[in-house]
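Working notes, beginning with the structure itself.
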Amino acid sequence: MTNLAKLSAEQLPPDLDQANQWTQKAAELAPDNPEVFDVQGDILEKRQQSNEAIAAYEKALQLAPLRIGTRERLIRLLELSGQTDKAEEQIRVVDAVRQQLKKASEASSPKPTAPVESESEMSTLEEVKP
């Protein structure tokens, strides 16, 4: 249903009322799906319903706190609505999430090996093979 909502919102001319109805129905059917509330926030934002869009993005983030794109859209809306303290708090969360993701990525990456500098080193390495 979120795909139907996106299609309604992106057609020319956009049918934001229909898109909003699709997201409301999707929220009833899948209240634990963060994507539903993310799309709902996008549509509410297009309808210039900033407070409702903020609430939808916050709901999406309650369900999936690592959604950086959702947080970035929330930050923009908070800044536009003059809620700079809340925006700054979300910026700190985004920075912390990015640091955690970077650490996790570095921990799971294979350790780099030293490059082979010369042909003699290569032949030495080949001799070591079983």
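Simple scheme: letters A, B, ... for chains in structure tokens order, numbers from 1 for residues in each chain, numbers from 1 for ligands in the order shown.
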
Determine, counting only C-alpha atoms, which protein, DNA and RNA residues have an atom within 9 Å of an atom of Val36 in chain A; residues of the same chain fewer than 5 positions away are not included. Present the result as a ChimeraX atom specification. /A:1-2,23-24,26-27,30-31,41,56,60

Selection file, all heavy atoms, as a short mmCIF file (atom, residue, chain, number, x, y, z; two decimals), in the first residue's frame:
data_model
loop_
_atom_site.label_atom_id
_atom_site.label_comp_id
_atom_site.auth_asym_id
_atom_site.auth_seq_id
_atom_site.Cartn_x
_atom_site.Cartn_y
_atom_site.Cartn_z
N MET A 1 0.80 -1.20 0.00
CA MET A 1 0.00 0.00 0.00
C MET A 1 0.85 1.26 0.00
O MET A 1 0.41 2.28 -0.52
CB MET A 1 -0.94 0.01 1.19
CG MET A 1 -2.06 -0.95 1.03
SD MET A 1 -3.39 -0.56 2.12
CE MET A 1 -4.43 -1.90 1.67
N THR A 2 2.04 1.16 0.60
CA THR A 2 2.90 2.35 0.56
C THR A 2 3.30 2.67 -0.87
O THR A 2 3.48 3.83 -1.21
CB THR A 2 4.14 2.19 1.45
OG1 THR A 2 4.86 1.01 1.06
CG2 THR A 2 3.78 2.11 2.92
N THR A 23 -1.80 5.69 2.96
CA THR A 23 -0.88 5.52 4.10
C THR A 23 -1.64 5.28 5.39
O THR A 23 -1.17 4.53 6.25
CB THR A 23 0.07 6.73 4.27
OG1 THR A 23 -0.69 7.91 4.49
CG2 THR A 23 0.99 6.89 3.09
N GLN A 24 -2.81 5.88 5.54
CA GLN A 24 -3.61 5.63 6.74
C GLN A 24 -4.05 4.16 6.79
O GLN A 24 -4.00 3.52 7.84
CB GLN A 24 -4.82 6.56 6.78
CG GLN A 24 -4.44 7.99 7.10
CD GLN A 24 -5.63 8.94 7.01
OE1 GLN A 24 -6.71 8.59 6.55
NE2 GLN A 24 -5.41 10.17 7.47
N ALA A 26 -2.53 1.66 5.27
CA ALA A 26 -1.32 0.87 5.49
C ALA A 26 -0.93 0.88 6.97
O ALA A 26 -0.51 -0.15 7.51
CB ALA A 26 -0.17 1.41 4.63
N ALA A 27 -1.09 2.02 7.63
CA ALA A 27 -0.76 2.12 9.06
C ALA A 27 -1.68 1.23 9.89
O ALA A 27 -1.26 0.66 10.89
CB ALA A 27 -0.84 3.57 9.53
N ALA A 30 -0.39 -2.43 9.04
CA ALA A 30 1.00 -2.74 9.40
C ALA A 30 1.53 -1.69 10.38
O ALA A 30 2.44 -0.92 10.05
CB ALA A 30 1.87 -2.81 8.16
N PRO A 31 0.98 -1.66 11.60
CA PRO A 31 1.37 -0.62 12.55
C PRO A 31 2.80 -0.72 13.06
O PRO A 31 3.29 0.22 13.68
CB PRO A 31 0.36 -0.79 13.69
CG PRO A 31 -0.05 -2.22 13.61
CD PRO A 31 -0.02 -2.57 12.15
N GLY A 41 4.95 10.31 6.48
CA GLY A 41 5.60 11.58 6.76
C GLY A 41 5.90 12.37 5.49
O GLY A 41 5.67 13.57 5.43
N ALA A 56 4.74 11.48 12.23
CA ALA A 56 4.90 10.24 11.46
C ALA A 56 6.36 9.81 11.41
O ALA A 56 6.68 8.63 11.60
CB ALA A 56 4.35 10.44 10.04
N ALA A 60 8.10 6.37 12.88
CA ALA A 60 8.99 5.50 12.10
C ALA A 60 10.29 5.25 12.86
O ALA A 60 10.81 4.13 12.88
CB ALA A 60 9.27 6.12 10.73
#

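The smallest atom-to-atom distance between Asp32 in chain A and any of A:Asn51, A:Lys46, A:Leu61, A:Glu72, using only C-alpha atoms, is found for A:Leu61.
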
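Compared by their closest atoms to Leu63 in chain A, and using only C-alpha atoms, the residues A:Glu79, A:Asp38, A:Glu10, A:Asp85 rank with A:Asp38 nearest.
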
In terms of the shortest atom-to-atom distance over only C-alpha atoms, which of A:Ile68, A:Arg73, A:Gln62, A:Gln21 is closest to Glu45 in chain A? A:Arg73

So which bits of range 52-114 of chain A end up alpha helix (DSSP H) when you DSSP the backbone, as JSON, numbers by chain? {"A": [52, 53, 54, 55, 56, 57, 58, 59, 60, 61, 62, 63, 68, 69, 70, 71, 72, 73, 74, 75, 76, 77, 78, 79, 80, 84, 85, 86, 87, 88, 89, 90, 91, 92, 93, 94, 95, 96, 97, 98, 99, 100, 101, 102, 103, 104, 105, 106, 107, 108]}

Counting only C-alpha atoms, the residue of A:Arg92, A:Arg76, A:Arg67, A:Arg98 that sits nearest Ile54 in chain A: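 Checking each candidate against Ile54 in chain A, we get A:Arg76 as the closest.
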